[in-house]
>>> print(open('structure.txt').read())   # compact mmCIF, C-alpha atoms
# COMPACT_ATOMS: atom_id res chain seq x y z
CA MET A 1 38.58 -1.52 -81.95
CA GLU A 2 40.33 -1.01 -85.27
CA LYS A 3 43.50 1.04 -85.05
CA GLN A 4 43.48 4.16 -87.18
CA GLY A 5 46.27 4.73 -89.66
CA GLU A 6 48.58 7.72 -89.73
CA PRO A 7 46.81 10.94 -90.80
CA THR A 8 47.68 12.20 -94.27
CA ILE A 9 47.47 15.56 -96.00
CA HIS A 10 44.20 14.31 -97.52
CA ASP A 11 42.74 13.81 -94.02
CA ILE A 12 43.77 17.36 -93.06
CA ALA A 13 42.28 18.71 -96.30
CA LYS A 14 39.00 16.84 -95.70
CA LYS A 15 38.72 18.19 -92.16
CA LEU A 16 39.30 21.78 -93.29
CA ASN A 17 37.34 21.36 -96.53
CA ILE A 18 40.24 22.59 -98.66
CA ALA A 19 42.38 21.10 -101.41
CA ALA A 20 45.15 18.64 -100.50
CA SER A 21 47.53 20.67 -102.68
CA THR A 22 46.89 23.69 -100.44
CA VAL A 23 47.78 21.63 -97.36
CA SER A 24 50.93 20.37 -99.03
CA ARG A 25 52.04 23.87 -100.00
CA ALA A 26 51.34 25.24 -96.53
CA LEU A 27 53.32 22.49 -94.80
CA ASN A 28 56.22 23.18 -97.17
CA ASN A 29 56.12 26.95 -96.45
CA ASN A 30 55.13 27.87 -99.98
CA PRO A 31 54.78 31.71 -100.06
CA ILE A 32 51.61 31.62 -102.18
CA ILE A 33 49.69 30.39 -99.09
CA SER A 34 48.50 33.21 -96.82
CA GLU A 35 49.84 33.39 -93.26
CA PRO A 36 46.43 32.76 -91.56
CA THR A 37 45.77 29.72 -93.77
CA ARG A 38 49.26 28.31 -93.16
CA LYS A 39 48.90 28.70 -89.38
CA LEU A 40 45.46 27.04 -89.42
CA ILE A 41 46.77 24.08 -91.45
CA GLU A 42 49.86 23.69 -89.22
CA LYS A 43 47.67 23.80 -86.08
CA THR A 44 45.28 21.21 -87.48
CA ALA A 45 48.15 18.95 -88.61
CA LYS A 46 49.66 19.07 -85.12
CA GLU A 47 46.33 18.30 -83.44
CA MET A 48 45.78 15.33 -85.76
CA GLY A 49 49.27 13.95 -85.13
CA TYR A 50 50.38 14.34 -88.74
CA ARG A 51 53.97 13.37 -89.55
CA PRO A 52 55.54 14.28 -92.90
CA ASN A 53 56.58 11.35 -95.08
CA ILE A 54 60.32 11.92 -95.10
CA LEU A 55 60.99 8.80 -97.17
CA ALA A 56 58.71 10.01 -99.93
CA ALA A 57 60.31 13.45 -99.86
CA ASN A 58 63.76 11.88 -100.01
CA PHE A 59 62.70 9.77 -102.97
CA ARG A 60 61.65 12.88 -104.85
CA THR A 61 64.81 14.86 -104.08
CA LYS A 62 67.18 11.83 -104.16
CA ARG A 63 68.62 13.09 -100.87
CA THR A 64 68.34 11.69 -97.35
CA HIS A 65 70.17 14.57 -95.63
CA MET A 66 71.94 11.85 -93.67
CA ILE A 67 75.72 11.49 -93.31
CA GLY A 68 77.27 8.21 -92.21
CA VAL A 69 80.34 8.23 -89.95
CA VAL A 70 82.34 5.01 -89.60
CA LEU A 71 85.16 4.89 -87.07
CA PRO A 72 87.02 2.32 -84.94
CA LEU A 73 86.16 3.36 -81.37
CA ILE A 74 83.74 5.97 -80.05
CA ASN A 75 85.20 5.90 -76.53
CA ARG A 76 88.58 7.31 -77.58
CA HIS A 77 88.86 11.04 -76.95
CA PHE A 78 90.32 11.71 -80.40
CA PHE A 79 87.43 10.01 -82.22
CA SER A 80 84.77 11.58 -79.99
CA SER A 81 86.34 14.99 -80.70
CA VAL A 82 86.14 14.29 -84.44
CA ILE A 83 82.46 13.35 -84.05
CA SER A 84 81.77 16.64 -82.23
CA GLY A 85 83.36 18.58 -85.10
CA ILE A 86 81.40 16.64 -87.73
CA GLU A 87 78.09 17.11 -85.92
CA GLU A 88 78.58 20.85 -85.41
CA VAL A 89 79.04 21.47 -89.13
CA ALA A 90 76.45 18.92 -90.28
CA TYR A 91 73.72 20.20 -87.95
CA ASN A 92 74.26 23.80 -89.05
CA ARG A 93 74.03 22.72 -92.71
CA GLY A 94 70.82 20.73 -92.28
CA PHE A 95 72.25 17.19 -92.14
CA ALA A 96 71.73 14.46 -89.57
CA VAL A 97 74.63 12.17 -88.62
CA THR A 98 74.52 8.43 -88.02
CA ILE A 99 77.58 7.07 -86.19
CA SER A 100 78.84 3.48 -86.29
CA GLN A 101 81.89 1.99 -84.58
CA THR A 102 83.69 -1.03 -85.98
CA ASN A 103 85.73 -1.98 -82.90
CA ASP A 104 88.60 -2.42 -85.39
CA ASN A 105 86.78 -5.47 -86.79
CA PHE A 106 86.93 -5.80 -90.57
CA GLU A 107 83.72 -7.84 -90.99
CA LYS A 108 81.77 -5.36 -88.90
CA GLU A 109 83.19 -2.45 -90.90
CA GLU A 110 82.20 -4.19 -94.14
CA LYS A 111 78.60 -4.77 -92.96
CA ILE A 112 78.24 -1.21 -91.69
CA ALA A 113 79.43 0.19 -95.03
CA GLN A 114 76.99 -2.02 -96.94
CA THR A 115 74.11 -0.97 -94.68
CA LEU A 116 74.88 2.73 -95.09
CA PHE A 117 75.09 2.31 -98.85
CA SER A 118 71.74 0.45 -98.94
CA ASN A 119 70.14 3.15 -96.79
CA ARG A 120 71.28 5.73 -99.35
CA VAL A 121 73.17 8.08 -97.05
CA ASP A 122 74.24 11.22 -98.90
CA GLY A 123 77.89 10.53 -98.08
CA ILE A 124 80.21 8.91 -95.55
CA ILE A 125 83.19 9.91 -93.44
CA VAL A 126 85.48 6.99 -92.59
CA SER A 127 88.48 6.05 -90.47
CA ILE A 128 89.36 2.42 -91.20
CA GLY A 129 89.91 -0.27 -88.59
CA MET A 130 93.22 -1.94 -87.76
CA GLN A 131 92.16 -5.21 -89.42
CA THR A 132 91.18 -3.56 -92.72
CA LYS A 133 93.45 -4.67 -95.55
CA THR A 134 91.02 -4.78 -98.50
CA PHE A 135 88.78 -1.92 -99.51
CA ASP A 136 86.05 -3.08 -101.92
CA HIS A 137 83.34 -2.19 -99.37
CA LEU A 138 84.56 1.44 -99.44
CA ARG A 139 85.48 1.55 -103.11
CA LEU A 140 81.77 0.93 -103.78
CA PHE A 141 80.98 4.49 -102.66
CA SER A 142 83.56 6.16 -104.89
CA GLU A 143 82.60 3.99 -107.88
CA ARG A 144 78.92 4.93 -107.47
CA LYS A 145 79.81 8.61 -107.01
CA VAL A 146 78.64 8.69 -103.39
CA PRO A 147 80.74 11.36 -101.61
CA LEU A 148 83.43 9.87 -99.40
CA VAL A 149 85.96 11.49 -97.06
CA PHE A 150 88.65 9.67 -95.08
CA PHE A 151 90.18 10.96 -91.86
CA ASP A 152 93.11 9.82 -89.70
CA ARG A 153 93.35 6.20 -90.90
CA VAL A 154 93.01 6.71 -94.64
CA VAL A 155 93.12 4.49 -97.74
CA ASP A 156 95.66 5.60 -100.35
CA GLU A 157 94.23 3.15 -102.89
CA ILE A 158 90.91 5.03 -103.12
CA GLU A 159 90.69 8.52 -104.61
CA ALA A 160 88.88 10.74 -102.11
CA ASP A 161 89.42 13.78 -99.96
CA LYS A 162 91.50 12.91 -96.91
CA ILE A 163 92.24 14.68 -93.61
CA VAL A 164 95.22 13.43 -91.63
CA VAL A 165 97.54 14.72 -88.93
CA ASP A 166 101.27 14.94 -89.52
CA ASP A 167 101.95 11.52 -87.98
CA TYR A 168 105.51 11.47 -89.28
CA ARG A 169 106.31 14.80 -87.64
CA GLY A 170 104.54 13.70 -84.46
CA GLY A 171 106.67 10.54 -84.26
CA PHE A 172 109.81 12.55 -84.99
CA LYS A 173 109.06 15.18 -82.31
CA ALA A 174 108.23 12.58 -79.67
CA THR A 175 111.45 10.65 -80.31
CA GLU A 176 113.60 13.76 -80.55
CA HIS A 177 112.26 14.88 -77.18
CA LEU A 178 113.18 11.52 -75.60
CA ILE A 179 116.68 11.82 -77.03
CA LYS A 180 117.07 15.34 -75.62
CA GLN A 181 116.07 13.99 -72.22
CA GLY A 182 118.91 11.47 -72.35
CA GLY A 183 117.29 8.45 -73.99
CA THR A 184 119.71 6.34 -76.03
CA ARG A 185 118.10 2.87 -76.02
CA ILE A 186 114.68 3.90 -77.27
CA ALA A 187 111.90 1.41 -77.96
CA HIS A 188 108.78 1.95 -80.03
CA ILE A 189 105.40 0.30 -79.39
CA GLY A 190 103.41 0.93 -82.58
CA GLY A 191 100.22 -0.14 -84.30
CA PRO A 192 99.82 -2.59 -87.20
CA LEU A 193 101.80 -1.54 -90.26
CA ASN A 194 98.95 -2.11 -92.71
CA VAL A 195 97.59 1.19 -91.32
CA LYS A 196 99.44 4.19 -92.75
CA ILE A 197 99.44 6.35 -89.62
CA TYR A 198 101.53 3.74 -87.80
CA GLN A 199 103.93 3.49 -90.74
CA ASP A 200 104.39 7.26 -90.57
CA ARG A 201 104.89 7.36 -86.79
CA LEU A 202 107.50 4.60 -87.12
CA SER A 203 109.26 6.51 -89.92
CA GLY A 204 109.39 9.63 -87.76
CA PHE A 205 110.85 7.57 -84.91
CA LYS A 206 113.52 6.02 -87.12
CA ASP A 207 114.54 9.32 -88.72
CA ALA A 208 114.90 11.03 -85.35
CA MET A 209 117.10 8.16 -84.18
CA GLN A 210 119.20 8.35 -87.34
CA LYS A 211 119.58 12.12 -87.03
CA ALA A 212 120.93 11.66 -83.49
CA GLY A 213 123.28 8.88 -84.60
CA LEU A 214 121.49 6.28 -82.46
CA PRO A 215 120.92 2.69 -83.64
CA VAL A 216 117.43 1.32 -84.18
CA ASP A 217 117.28 -2.06 -82.47
CA GLU A 218 114.67 -4.26 -84.21
CA SER A 219 114.12 -6.16 -80.94
CA MET A 220 112.81 -2.90 -79.48
CA LEU A 221 110.15 -2.41 -82.16
CA ILE A 222 106.79 -3.98 -81.28
CA HIS A 223 103.57 -3.67 -83.31
CA ASN A 224 100.15 -4.68 -81.99
CA SER A 225 96.57 -3.39 -81.64
CA LEU A 226 97.52 -0.87 -78.94
CA THR A 227 94.99 -2.02 -76.32
CA ARG A 228 95.67 -1.99 -72.57
CA GLU A 229 96.48 -5.70 -72.68
CA ASP A 230 98.75 -5.24 -75.70
CA GLY A 231 100.60 -2.47 -73.90
CA THR A 232 101.22 -4.68 -70.88
CA ASN A 233 102.43 -7.56 -73.04
CA ALA A 234 104.70 -5.22 -75.00
CA ILE A 235 106.43 -3.79 -71.94
CA LYS A 236 106.88 -7.31 -70.51
CA LYS A 237 108.60 -8.33 -73.75
CA LEU A 238 110.83 -5.25 -73.79
CA LEU A 239 111.98 -5.90 -70.23
CA GLN A 240 113.03 -9.43 -71.25
CA ASN A 241 115.48 -8.03 -73.80
CA LYS A 242 119.17 -8.47 -73.11
CA ILE A 243 119.54 -4.70 -73.53
CA LYS A 244 116.60 -2.97 -71.84
CA PRO A 245 115.15 0.34 -73.05
CA ASP A 246 115.70 3.60 -71.21
CA ALA A 247 112.88 5.33 -73.16
CA ILE A 248 109.73 4.30 -75.05
CA PHE A 249 107.69 6.08 -77.71
CA CYS A 250 104.16 4.62 -77.66
CA ALA A 251 101.84 5.10 -80.62
CA ASN A 252 98.91 5.86 -78.32
CA ASP A 253 98.28 6.97 -74.73
CA THR A 254 96.49 3.73 -73.79
CA THR A 255 99.69 1.77 -74.38
CA ALA A 256 101.74 4.39 -72.55
CA LEU A 257 99.44 4.14 -69.52
CA SER A 258 99.53 0.34 -69.39
CA ALA A 259 103.34 0.43 -69.64
CA ILE A 260 103.57 2.90 -66.74
CA ILE A 261 101.25 0.78 -64.58
CA TYR A 262 103.26 -2.39 -65.21
CA LEU A 263 106.60 -0.65 -64.60
CA ARG A 264 105.31 0.72 -61.29
CA GLN A 265 104.30 -2.81 -60.24
CA LYS A 266 107.86 -3.94 -60.97
CA GLY A 267 109.43 -1.08 -59.02
CA ILE A 268 110.74 0.61 -62.17
CA LYS A 269 110.32 4.38 -62.00
CA VAL A 270 108.98 6.60 -64.79
CA PRO A 271 110.67 8.88 -65.76
CA ASP A 272 113.78 8.20 -63.63
CA ASP A 273 114.47 4.73 -65.06
CA ILE A 274 112.44 4.79 -68.29
CA LEU A 275 111.13 7.83 -70.15
CA ILE A 276 107.74 7.51 -71.88
CA VAL A 277 105.86 9.53 -74.50
CA GLY A 278 102.40 8.60 -75.83
CA PHE A 279 100.23 9.86 -78.72
CA SER A 280 96.72 11.39 -78.93
CA ASN A 281 96.43 13.40 -75.68
CA GLU A 282 93.64 11.37 -74.10
CA PRO A 283 92.05 13.19 -71.10
CA PHE A 284 93.51 10.66 -68.63
CA SER A 285 97.06 11.46 -69.75
CA GLU A 286 96.97 14.72 -67.81
CA VAL A 287 95.55 13.39 -64.53
CA VAL A 288 97.44 10.11 -63.95
CA THR A 289 100.69 9.95 -61.98
CA PRO A 290 103.09 10.54 -63.56
CA SER A 291 101.21 12.61 -66.12
CA ILE A 292 101.90 11.40 -69.65
CA SER A 293 103.80 13.39 -72.26
CA THR A 294 101.99 13.01 -75.57
CA ILE A 295 101.27 14.29 -79.06
CA ARG A 296 98.04 16.27 -79.44
CA GLN A 297 95.89 15.74 -82.53
CA PRO A 298 93.33 18.44 -83.48
CA GLY A 299 90.34 16.06 -83.60
CA PHE A 300 87.56 18.65 -83.42
CA GLU A 301 89.10 20.69 -86.25
CA MET A 302 89.55 17.51 -88.33
CA GLY A 303 85.89 16.64 -87.86
CA LYS A 304 84.75 20.11 -88.96
CA LYS A 305 86.97 19.93 -92.04
CA ALA A 306 85.75 16.43 -92.94
CA ALA A 307 82.09 17.46 -92.71
CA ASP A 308 82.68 20.64 -94.71
CA LEU A 309 84.44 18.72 -97.49
CA LEU A 310 81.74 16.05 -97.61
CA ILE A 311 78.82 18.49 -97.71
CA ARG A 312 80.51 20.46 -100.48
CA GLN A 313 80.73 17.25 -102.49
CA ILE A 314 77.09 16.40 -101.76
CA LYS A 315 75.89 19.78 -102.98
CA LEU A 316 77.94 19.77 -106.18
CA LYS A 317 75.77 18.91 -109.17
CA GLU A 318 78.78 17.52 -111.02
CA LYS A 319 81.07 15.33 -108.92
CA SER A 320 84.65 16.58 -108.86
CA ASN A 321 87.56 14.27 -109.57
CA ARG A 322 90.01 16.69 -107.95
CA PHE A 323 90.67 15.33 -104.48
CA GLN A 324 92.96 16.75 -101.83
CA THR A 325 94.80 15.54 -98.75
CA PHE A 326 94.84 17.99 -95.84
CA VAL A 327 97.61 17.55 -93.26
CA MET A 328 96.88 18.99 -89.81
CA PRO A 329 99.72 19.89 -87.41
CA THR A 330 100.48 17.99 -84.20
CA GLU A 331 101.72 19.41 -80.90
CA LEU A 332 104.14 17.87 -78.42
CA ILE A 333 102.80 18.22 -74.89
CA ILE A 334 105.56 17.67 -72.32
CA ARG A 335 104.50 16.30 -68.94
CA GLU A 336 106.10 14.30 -66.12
CA SER A 337 106.59 10.91 -67.83
CA SER A 338 109.40 12.14 -70.10
CA VAL A 339 111.30 14.71 -68.04
CA ARG A 340 114.24 13.74 -65.86
CA LYS A 341 114.96 16.24 -63.10
>>> encode(input="structure.txt", output="structure tokens")
Amino acid sequence: MEKQGEPTIHDIAKKLNIAASTVSRALNNNPIISEPTRKLIEKTAKEMGYRPNILAANFRTKRTHMIGVVLPLINRHFFSSVISGIEEVAYNRGFAVTISQTNDNFEKEEKIAQTLFSNRVDGIIVSIGMQTKTFDHLRLFSERKVPLVFFDRVVDEIEADKIVVDDYRGGFKATEHLIKQGGTRIAHIGGPLNVKIYQDRLSGFKDAMQKAGLPVDESMLIHNSLTREDGTNAIKKLLQNKIKPDAIFCANDTTALSAIIYLRQKGIKVPDDILIVGFSNEPFSEVVTPSISTIRQPGFEMGKKAADLLIRQIKLKEKSNRFQTFVMPTELIIRESSVRK
């Protein structure tokens, strides 16, 4: 038996013995079509299994009503919060969201960006991966006037709207808190310095140390990809130093957790022997023992702002060359890992 093709507006028109243009207008809620006729056409279309040709409609309007989101890791609370903020705004404004994670892999990020560009998304929201050091795959969007917004891990070399947190102030507050709790030999486990947020967190750390008159020991500065394994390797290395740290500022909570676990295995108490502060306020940081002091980032609010900025660009008939960088505040959350009784 020959399989029938998808029903078209012409099939609906033939069945109802009316013009195809009338069917088209009814399905697009054109007010010149009477309510009874529109309801009859909609009922018939549903019964016949009609599906509108979205691709053809997109071709006519030059819009897909699709936003691409490219980020390093979906399973991090901060990034999932950003996604929630993006989706809330996008859904309410009539846009669908397609989400891709790069796993901090440059080649994967490059392919994802090329795919989104080929699929003609109306715009993209991006946080670059740790391996990303060249930006031609993202510059393509700005050069072709496809709206682009960066958040968190941004690219200074590309003109676009950007939403970041005050990473410098976050690093400064975390380190200042450790100093107030009695830390004098303070280590920093940070991310790769090709990514600006880790440069800023390091700068905040160094300035807080300088303000307190404490030396910054280069042997106590470690930069890696901030995974659980990296955190364990970093704390092992720090404990091999001739002068061991009495406090550590970690650039994320994952590293802080892995450091605490390793120290416990070695009989070193947190916070009695070593104070620890993380960054990002992952959900686990509140429930582990000891609970982890950290810096909270307003991910949901960042996502809403990013989507709002992008959709404004999409709807502008003339693309603006006036881009802004929005800096969101951070909050120090003090828990057990950094407070000596």
>>> closest_residue(input="structure.txt", among="A:Ser337, A:Gln313, A:Thr64, A:Asn194", to="Thr98 (chain A)", atoms="only C-alpha atoms")
A:Thr64
>>> residues_near_point(input="structure.txt", point="(92.5, 12.9, -94.1)", cutoff="6 Å", atoms="all atoms listed in the file", output="PyMOL selection string")
chain A and resi 150-152+162-164+325-326
>>> residues_near_point(input="structure.txt", point="(79.4, -2.4, -91.4)", cutoff="12 Å", atoms="only C-alpha atoms", output="NGL selection string")
:A and (68-72 or 99-118 or 126 or 128-129 or 132 or 137-138)
>>> atom_distance(input="structure.txt", atom1="CA of Ala187 (chain A)", atom2="CA of Glu218 (chain A)")
8.9 Å
>>> residues_around(input="structure.txt", residues="Ala234 (chain A)", least_positions_apart="5", cutoff="9 Å", atoms="all atoms listed in the file", output="PyMOL selection string")
chain A and resi 189+222-224+229+239+255+259
>>> write_last_selection(input="structure.txt", atoms="C-alpha atoms", output="short mmCIF file (atom, residue, chain, number, x, y, z; two decimals), in the frame of the given file")
data_model
loop_
_atom_site.label_atom_id
_atom_site.label_comp_id
_atom_site.auth_asym_id
_atom_site.auth_seq_id
_atom_site.Cartn_x
_atom_site.Cartn_y
_atom_site.Cartn_z
CA ILE A 189 105.40 0.30 -79.39
CA ILE A 222 106.79 -3.98 -81.28
CA HIS A 223 103.57 -3.67 -83.31
CA ASN A 224 100.15 -4.68 -81.99
CA GLU A 229 96.48 -5.70 -72.68
CA LEU A 239 111.98 -5.90 -70.23
CA THR A 255 99.69 1.77 -74.38
CA ALA A 259 103.34 0.43 -69.64
#
>>> closest_residue(input="structure.txt", among="A:Asn241, A:Ser291, A:Ser24, A:Gln324", to="Val149 (chain A)", atoms="only C-alpha atoms")
A:Gln324
>>> axis_aligned_box(input="structure.txt", around="region 234-244 of chain A", padding_each_side="5 Å", output="lines of an AutoDock Vina configuration file")
center_x = 112.1
center_y = -6.2
center_z = -72.6
size_x = 24.8
size_y = 16.5
size_z = 14.8
>>> residues_around(input="structure.txt", residues="Gly171 (chain A)", least_positions_apart="4", cutoff="6 Å", atoms="all atoms listed in the file", output="ChimeraX atom specification")
/A:201,204-205
>>> closest_residue(input="structure.txt", among="A:Tyr168, A:Asn92, A:Gly213, A:Glu42", to="Val327 (chain A)", atoms="only C-alpha atoms")
A:Tyr168
>>> build_atoms(input="structure.txt", residues="region 211-226 of chain A", atoms="N, CA, C and O atoms", output="PDB file, in the coordinates of the input")
ATOM      1  N   LYS A 211     119.047  10.766 -87.132  1.00  0.00           N
ATOM      2  CA  LYS A 211     119.580  12.120 -87.030  1.00  0.00           C
ATOM      3  C   LYS A 211     120.490  12.264 -85.815  1.00  0.00           C
ATOM      4  O   LYS A 211     121.509  12.979 -85.865  1.00  0.00           O
ATOM      5  N   ALA A 212     120.137  11.572 -84.724  1.00  0.00           N
ATOM      6  CA  ALA A 212     120.930  11.660 -83.490  1.00  0.00           C
ATOM      7  C   ALA A 212     122.097  10.667 -83.474  1.00  0.00           C
ATOM      8  O   ALA A 212     122.869  10.630 -82.510  1.00  0.00           O
ATOM      9  N   GLY A 213     122.204   9.859 -84.542  1.00  0.00           N
ATOM     10  CA  GLY A 213     123.280   8.880 -84.600  1.00  0.00           C
ATOM     11  C   GLY A 213     123.061   7.689 -83.681  1.00  0.00           C
ATOM     12  O   GLY A 213     124.023   7.023 -83.270  1.00  0.00           O
ATOM     13  N   LEU A 214     121.809   7.401 -83.352  1.00  0.00           N
ATOM     14  CA  LEU A 214     121.490   6.280 -82.460  1.00  0.00           C
ATOM     15  C   LEU A 214     120.997   5.091 -83.281  1.00  0.00           C
ATOM     16  O   LEU A 214     120.246   5.262 -84.246  1.00  0.00           O
ATOM     17  N   PRO A 215     121.372   3.867 -82.900  1.00  0.00           N
ATOM     18  CA  PRO A 215     120.920   2.690 -83.640  1.00  0.00           C
ATOM     19  C   PRO A 215     119.467   2.363 -83.360  1.00  0.00           C
ATOM     20  O   PRO A 215     118.966   2.597 -82.258  1.00  0.00           O
ATOM     21  N   VAL A 216     118.790   1.831 -84.366  1.00  0.00           N
ATOM     22  CA  VAL A 216     117.430   1.320 -84.180  1.00  0.00           C
ATOM     23  C   VAL A 216     117.526  -0.184 -84.006  1.00  0.00           C
ATOM     24  O   VAL A 216     117.897  -0.907 -84.921  1.00  0.00           O
ATOM     25  N   ASP A 217     117.208  -0.638 -82.796  1.00  0.00           N
ATOM     26  CA  ASP A 217     117.280  -2.060 -82.470  1.00  0.00           C
ATOM     27  C   ASP A 217     115.928  -2.705 -82.797  1.00  0.00           C
ATOM     28  O   ASP A 217     114.906  -2.361 -82.200  1.00  0.00           O
ATOM     29  N   GLU A 218     115.926  -3.622 -83.768  1.00  0.00           N
ATOM     30  CA  GLU A 218     114.670  -4.260 -84.210  1.00  0.00           C
ATOM     31  C   GLU A 218     113.962  -4.984 -83.072  1.00  0.00           C
ATOM     32  O   GLU A 218     112.737  -5.137 -83.089  1.00  0.00           O
ATOM     33  N   SER A 219     114.742  -5.457 -82.079  1.00  0.00           N
ATOM     34  CA  SER A 219     114.120  -6.160 -80.940  1.00  0.00           C
ATOM     35  C   SER A 219     113.342  -5.192 -80.053  1.00  0.00           C
ATOM     36  O   SER A 219     112.597  -5.620 -79.175  1.00  0.00           O
ATOM     37  N   MET A 220     113.531  -3.901 -80.267  1.00  0.00           N
ATOM     38  CA  MET A 220     112.810  -2.900 -79.480  1.00  0.00           C
ATOM     39  C   MET A 220     111.655  -2.275 -80.254  1.00  0.00           C
ATOM     40  O   MET A 220     111.110  -1.256 -79.848  1.00  0.00           O
ATOM     41  N   LEU A 221     111.304  -2.870 -81.380  1.00  0.00           N
ATOM     42  CA  LEU A 221     110.150  -2.410 -82.160  1.00  0.00           C
ATOM     43  C   LEU A 221     109.042  -3.449 -82.056  1.00  0.00           C
ATOM     44  O   LEU A 221     109.200  -4.594 -82.481  1.00  0.00           O
ATOM     45  N   ILE A 222     107.919  -3.060 -81.474  1.00  0.00           N
ATOM     46  CA  ILE A 222     106.790  -3.980 -81.280  1.00  0.00           C
ATOM     47  C   ILE A 222     105.552  -3.356 -81.917  1.00  0.00           C
ATOM     48  O   ILE A 222     105.270  -2.166 -81.725  1.00  0.00           O
ATOM     49  N   HIS A 223     104.798  -4.161 -82.670  1.00  0.00           N
ATOM     50  CA  HIS A 223     103.570  -3.670 -83.310  1.00  0.00           C
ATOM     51  C   HIS A 223     102.399  -4.561 -82.901  1.00  0.00           C
ATOM     52  O   HIS A 223     102.469  -5.784 -83.012  1.00  0.00           O
ATOM     53  N   ASN A 224     101.340  -3.934 -82.425  1.00  0.00           N
ATOM     54  CA  ASN A 224     100.150  -4.680 -81.990  1.00  0.00           C
ATOM     55  C   ASN A 224      98.924  -3.776 -82.139  1.00  0.00           C
ATOM     56  O   ASN A 224      98.995  -2.736 -82.791  1.00  0.00           O
ATOM     57  N   SER A 225      97.818  -4.150 -81.491  1.00  0.00           N
ATOM     58  CA  SER A 225      96.570  -3.390 -81.640  1.00  0.00           C
ATOM     59  C   SER A 225      96.420  -2.244 -80.663  1.00  0.00           C
ATOM     60  O   SER A 225      95.371  -1.586 -80.614  1.00  0.00           O
ATOM     61  N   LEU A 226      97.439  -2.036 -79.822  1.00  0.00           N
ATOM     62  CA  LEU A 226      97.520  -0.870 -78.940  1.00  0.00           C
ATOM     63  C   LEU A 226      96.406  -0.810 -77.888  1.00  0.00           C
ATOM     64  O   LEU A 226      95.960   0.271 -77.485  1.00  0.00           O
TER      65      LEU A 226
END
